[in-house]
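So the structure is just underneath, and the comments pick up after that.
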Amino acid sequence: MRTVDRLQPFTSTIFAEISTLAAETGAVNLGQGFPDTDGPAGMLAAAKAAIDGGMNQYPPGDGLPELRRAVAAQVERDYGLVHDPDGEVLVTVGASEGIAAAVLGLVEPGREVILIEPFYDSYAATVAMAGARRVVVPLVEDGGRYRLDPDMLRGAVTEKTAAIIVNSPHNPTGTVLSDDDLRLIAETCVERDLLCFTDEVYEYLLFDGRAHRPLATFDGMRERTVRISGAAKAFNVTGWKIGWITAPRELADACRAAKQWLTFTGATPLQHAVAHALDHETAWLAGLAPDLQAKRDLLTKALVDVGFEVHPSEGTYFVTADARRLGYDDAGALCREMPRTVGVAAVPVAALADDQARWGHLLRFAFAKREEVLADGARRLAGLSGGREAT
Ligand code: PMP
Ligand code: GLN
């Protein structure tokens, strides 16, 4: 293999593998997280008008000024976070590039980055690309939901720790970190002088009346936090790859130093359209979480009816389910056979974890799909009810 050593563990992604399997078998794809309906019509029209209107050349490296202003206005409106659109807001090619820019721009080789397990796969790959080392702290189960263990988190910090990456609402578990957990992270960062990279791509997808609280709003956190989000999940445009960073100037400068050599900049007409959406599509956005909550309920019920033990999803596109009661101990094997045997694709949570024993029994299902697709998935999943002997 010609791939460099540090990337050999990351040669393919579970999302690509499972989506390919779903396409080959004609399975209902409840694996990769993307919605199957379009975002607001006004935003789509703005993108088309921008192309027809000649917005087809490079935008500035930091992103179109109108989008940087719209992002600064959004974080101030929603969270009271004030950022200068000139220098403290960077438009990135998806949240993925924002995460990579933060890690590459702010973590020296040989330093450690704490990841909360299970973790979105790009974090581990990006930490490896930076020549840094990941240190993993698992979510622990407590009364049917997940939380952080204070001793485990504090115990993971060493002299070498540079940063912690935090994702809430959390992919893949659907956990919204409690205020206690957020406070624990903030206190640990302040006490041990750590940077915090927050992946808030699901900031609008919280259910049952929960409110999103960015870590940057906690005491002592603004100056040490790089906040990453994007349009993909807010406006149903995962294929547009428009993300952004908000950070204090010194941290934004470091992110820019990496980001400008990754892509320099992203698609101009799409940046224009997302600026339009942030400024004018708040009513559409307000309808998003209730719609997804109903879909969560539909899929959760279907999974329970089949016999899965389901972990309640509090946000995101995802719900996780334990198949052991159905006789399946190995969710990885089940996810790889289910497209063919049952006609439904899901993602094994263990693919987003180091500790296979801890996470090996869980499947992640995506419910950001039209009701008829979820209903079709539910019908097919009923085929699992027979189960088989545990191995
Ligand atoms: N972070 C999380 C937690 C995600 O689930 C995803 C994928 N949806 C990303 C980052 C990547 O976002 P983007 O497609 O904007 O790069
Ligand atoms: N974020 C999406 C998920 O978790 C996948 C993105 C990708 O395919 N890399 O399903």
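Following the order of the structure tokens, first chain is A, next is B, and so on, with residues numbered from 1 inside each chain and ligands from 1 in the order they appear.
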What lies within 10 Å of Glu66 in chain A using only C-alpha atoms, ignoring chain neighbours under 3 positions off, as an MDAnalysis selection string?
chainID A and resid 63 69:72 85 271:276 279
Produce as a PyMOL selection string the set of residues near ligand 2, where near means within 6 Å with only C-alpha atoms and all ligand atoms considered.
chain A and resi 15+32-33
Compile the contact shell of Leu363 in chain A as a ChimeraX atom specification: residues with an atom at most 7 Å away, counting only C-alpha atoms, same-chain residues fewer than 6 positions apart removed.
/A:320-322,331,346-349
Residues as selected, C-alpha atoms, written as a PDB file, in the first residue's frame, can you do that?
ATOM      1  CA  THR A 320     -29.260   4.298  17.933  1.00  0.00           C
ATOM      2  CA  ALA A 321     -30.573   0.844  18.650  1.00  0.00           C
ATOM      3  CA  ASP A 322     -29.293  -2.275  20.378  1.00  0.00           C
ATOM      4  CA  ALA A 331     -23.933  -4.681  14.913  1.00  0.00           C
ATOM      5  CA  ALA A 346     -27.793   1.348   8.881  1.00  0.00           C
ATOM      6  CA  VAL A 347     -24.381   2.300  10.242  1.00  0.00           C
ATOM      7  CA  PRO A 348     -22.534   0.403  12.996  1.00  0.00           C
ATOM      8  CA  VAL A 349     -21.715   2.809  15.820  1.00  0.00           C
TER       9      VAL A 349
END
Quick one: residues within 6 Å of ligand 1, with only C-alpha atoms and all ligand atoms, as number ranges by chain?
A: 94-96, 120, 171, 199, 201, 230, 232, 238, 241, 243
Atoms kept (N, CA, C and O atoms) for selection, written as an mmCIF file, in the first residue's frame:
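Below is the file that was written, selection02.cif:
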data_model
loop_
_atom_site.group_PDB
_atom_site.id
_atom_site.type_symbol
_atom_site.label_atom_id
_atom_site.label_comp_id
_atom_site.auth_asym_id
_atom_site.auth_seq_id
_atom_site.Cartn_x
_atom_site.Cartn_y
_atom_site.Cartn_z
ATOM 1 N N GLY A 94 -17.733 23.138 3.942
ATOM 2 C CA GLY A 94 -18.387 22.266 4.904
ATOM 3 C C GLY A 94 -17.804 22.454 6.293
ATOM 4 O O GLY A 94 -16.741 23.079 6.474
ATOM 5 N N ALA A 95 -18.521 21.896 7.273
ATOM 6 C CA ALA A 95 -17.964 21.880 8.630
ATOM 7 C C ALA A 95 -16.691 21.058 8.653
ATOM 8 O O ALA A 95 -15.783 21.314 9.444
ATOM 9 N N SER A 96 -16.608 20.069 7.768
ATOM 10 C CA SER A 96 -15.412 19.201 7.724
ATOM 11 C C SER A 96 -14.141 20.026 7.582
ATOM 12 O O SER A 96 -13.143 19.768 8.258
ATOM 13 N N TYR A 120 -17.411 11.492 15.458
ATOM 14 C CA TYR A 120 -17.540 11.621 14.001
ATOM 15 C C TYR A 120 -16.189 11.289 13.366
ATOM 16 O O TYR A 120 -15.146 11.753 13.836
ATOM 17 N N ASN A 171 -23.649 13.292 16.978
ATOM 18 C CA ASN A 171 -23.663 12.210 16.003
ATOM 19 C C ASN A 171 -22.642 11.179 16.482
ATOM 20 O O ASN A 171 -21.490 11.551 16.696
ATOM 21 N N ASP A 199 -18.254 21.291 17.385
ATOM 22 C CA ASP A 199 -18.926 20.943 16.133
ATOM 23 C C ASP A 199 -20.422 21.037 16.410
ATOM 24 O O ASP A 199 -21.004 20.172 17.058
ATOM 25 N N VAL A 201 -22.975 21.385 14.078
ATOM 26 C CA VAL A 201 -23.730 21.313 12.821
ATOM 27 C C VAL A 201 -25.207 20.974 13.037
ATOM 28 O O VAL A 201 -26.037 21.280 12.197
ATOM 29 N N GLY A 230 -22.598 24.961 10.037
ATOM 30 C CA GLY A 230 -22.741 25.016 8.588
ATOM 31 C C GLY A 230 -24.186 24.941 8.144
ATOM 32 O O GLY A 230 -25.103 24.791 8.958
ATOM 33 N N ALA A 232 -25.423 22.646 5.951
ATOM 34 C CA ALA A 232 -25.867 21.324 5.487
ATOM 35 C C ALA A 232 -27.123 20.845 6.216
ATOM 36 O O ALA A 232 -28.118 20.472 5.578
ATOM 37 N N THR A 238 -26.750 19.084 2.251
ATOM 38 C CA THR A 238 -25.489 18.411 2.594
ATOM 39 C C THR A 238 -24.531 18.406 1.404
ATOM 40 O O THR A 238 -23.322 18.305 1.591
ATOM 41 N N LYS A 241 -21.867 21.837 0.865
ATOM 42 C CA LYS A 241 -20.592 21.970 1.572
ATOM 43 C C LYS A 241 -20.249 23.432 1.903
ATOM 44 O O LYS A 241 -19.152 23.919 1.624
ATOM 45 N N GLY A 243 -19.810 25.605 5.115
ATOM 46 C CA GLY A 243 -19.694 25.625 6.572
ATOM 47 C C GLY A 243 -19.042 26.912 7.024
ATOM 48 O O GLY A 243 -18.740 27.787 6.196
#
DSSP says strand (DSSP E or B) for which residues of range 24-93 of chain A? Put them as number ranges by chain?
A: 28-29, 89-93
Any idea what the distance is between CA of Trp244 in chain A and CA of Asp62 in chain A?
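Going from CA of Trp244 in chain A over to CA of Asp62 in chain A, I get 9.5 Å.
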Residue list (alpha helix (DSSP H), DSSP) for range 215-265 of chain A, as number ranges by chain:
A: 249-262
Can you work out the spacing between CA of Leu195 in chain A and CA of Val91 in chain A in Å, to one decimal?
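Those two atoms sit 20.3 Å apart.
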Show me a table, sorted first by chain and then by increasing residue number, of the residues of range 37-117 of chain A having an atom at most 12 Å from range 353-356 of chain A, each with its shortest atom pair and the distance in Å to one decimal, counting only C-alpha atoms and written as JSON lines.
{"residue": "A:Leu115", "atom": "CA", "partner": "A:Ala353", "partner_atom": "CA", "distance": 9.8}
{"residue": "A:Ile116", "atom": "CA", "partner": "A:Ala353", "partner_atom": "CA", "distance": 9.1}
{"residue": "A:Glu117", "atom": "CA", "partner": "A:Ala353", "partner_atom": "CA", "distance": 5.8}
Filtering to N, CA and C atoms, could you give me those residues as a PDB file, in the first residue's frame?
ATOM      1  N   LEU A 115     -11.145  13.310  22.180  1.00  0.00           N
ATOM      2  CA  LEU A 115     -12.386  13.074  21.427  1.00  0.00           C
ATOM      3  C   LEU A 115     -13.369  12.350  22.333  1.00  0.00           C
ATOM      4  N   ILE A 116     -14.625  12.706  22.214  1.00  0.00           N
ATOM      5  CA  ILE A 116     -15.668  12.032  22.998  1.00  0.00           C
ATOM      6  C   ILE A 116     -16.230  10.885  22.148  1.00  0.00           C
ATOM      7  N   GLU A 117     -16.180   9.690  22.685  1.00  0.00           N
ATOM      8  CA  GLU A 117     -16.549   8.484  21.937  1.00  0.00           C
ATOM      9  C   GLU A 117     -17.997   8.086  22.204  1.00  0.00           C
TER      10      GLU A 117
END
Kindly provide the residues of range 192-304 of chain A that approach range 40-55 of chain A to within 10 Å, each paired with its closest atom pair and their distance in Å to one decimal, based on only C-alpha atoms, listed by chain and increasing number, as a Markdown table.
| residue | atom | partner | partner_atom | distance |
| --- | --- | --- | --- | --- |
| A:Phe235 | CA | A:Pro40 | CA | 6.9 |
| A:Asn236 | CA | A:Pro40 | CA | 8.3 |
| A:Val237 | CA | A:Leu44 | CA | 9.7 |
| A:Ala267 | CA | A:Met55 | CA | 9.4 |
| A:Thr268 | CA | A:Met55 | CA | 6.3 |
| A:Pro269 | CA | A:Ala50 | CA | 5.1 |
| A:Leu270 | CA | A:Ala47 | CA | 5.5 |
| A:Gln271 | CA | A:Ala47 | CA | 8.3 |
| A:His272 | CA | A:Ala47 | CA | 6.8 |
| A:Ala273 | CA | A:Ala47 | CA | 4.8 |
| A:Val274 | CA | A:Met43 | CA | 6.6 |
| A:Ala275 | CA | A:Met43 | CA | 8.7 |
| A:His276 | CA | A:Met43 | CA | 6.3 |
| A:Ala277 | CA | A:Met43 | CA | 5.5 |
| A:Leu278 | CA | A:Met43 | CA | 9.3 |
| A:His280 | CA | A:Gly42 | CA | 8.5 |
| A:Glu281 | CA | A:Pro40 | CA | 7.1 |
| A:Thr282 | CA | A:Pro40 | CA | 10.0 |
| A:Ala283 | CA | A:Pro40 | CA | 9.7 |
| A:Trp284 | CA | A:Pro40 | CA | 6.5 |
| A:Leu285 | CA | A:Pro40 | CA | 8.6 |
Can you tell me, as number ranges by chain, what residues are no more than 12 Å from Val75 in chain A when counting only C-alpha atoms, ignoring any on the same chain fewer than 5 positions away?
A: 68-70, 80-85, 88-89, 200, 203, 212-214, 216-217, 227-230, 244-247, 278-279
Give me the residues near range 221-223 of chain A as JSON, numbers by chain, where near means some atom within 8 Å (using only C-alpha atoms) and where sequence neighbours in that chain fewer than 5 positions away do not count.
{"A": [186, 189, 190, 196, 215, 216, 247, 248]}
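Remark: for Asn167 in chain A, the closest of the candidate residues A:Leu30, A:Leu299, A:Ile185, A:Leu362 is A:Ile185 (distances computed over only C-alpha atoms).
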Å distance separating CA of Gln8 in chain A from CA of Leu153 in chain A, one decimal place
28.1 Å
Closest of A:Val157, A:Met338, A:Val226, A:Val93 to Leu251 in chain A - atom-to-atom distances counting only C-alpha atoms:
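Closest to Leu251 in chain A of all the choices is A:Val226.
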Excluding Lys160 in chain A and any residue of its chain fewer than 3 positions from it, enumerate the residues within 8 Å of it, using only C-alpha atoms, and give them as a ChimeraX atom specification.
/A:110-112,157
Taking only C-alpha atoms into account, name the residue in A:Pro290, A:Ala378, A:His361, A:Gly343 that is nearest to Glu309 in chain A.
A:His361
My list of candidates is A:Pro150, A:Ala350, A:Asp291, A:Gly383. Which is closest to Leu303 in chain A when distances are computed with only C-alpha atoms?
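Selected residue with least distance to Leu303 in chain A: A:Gly383.
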Check the smallest atom-to-atom distance from each of A:Gly31, A:Gly144, A:Gly209, A:Gly26 to Ile14 in chain A using only C-alpha atoms, then report the winner.
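Looking at the shortest contact to Ile14 in chain A, the residue is A:Gly31.
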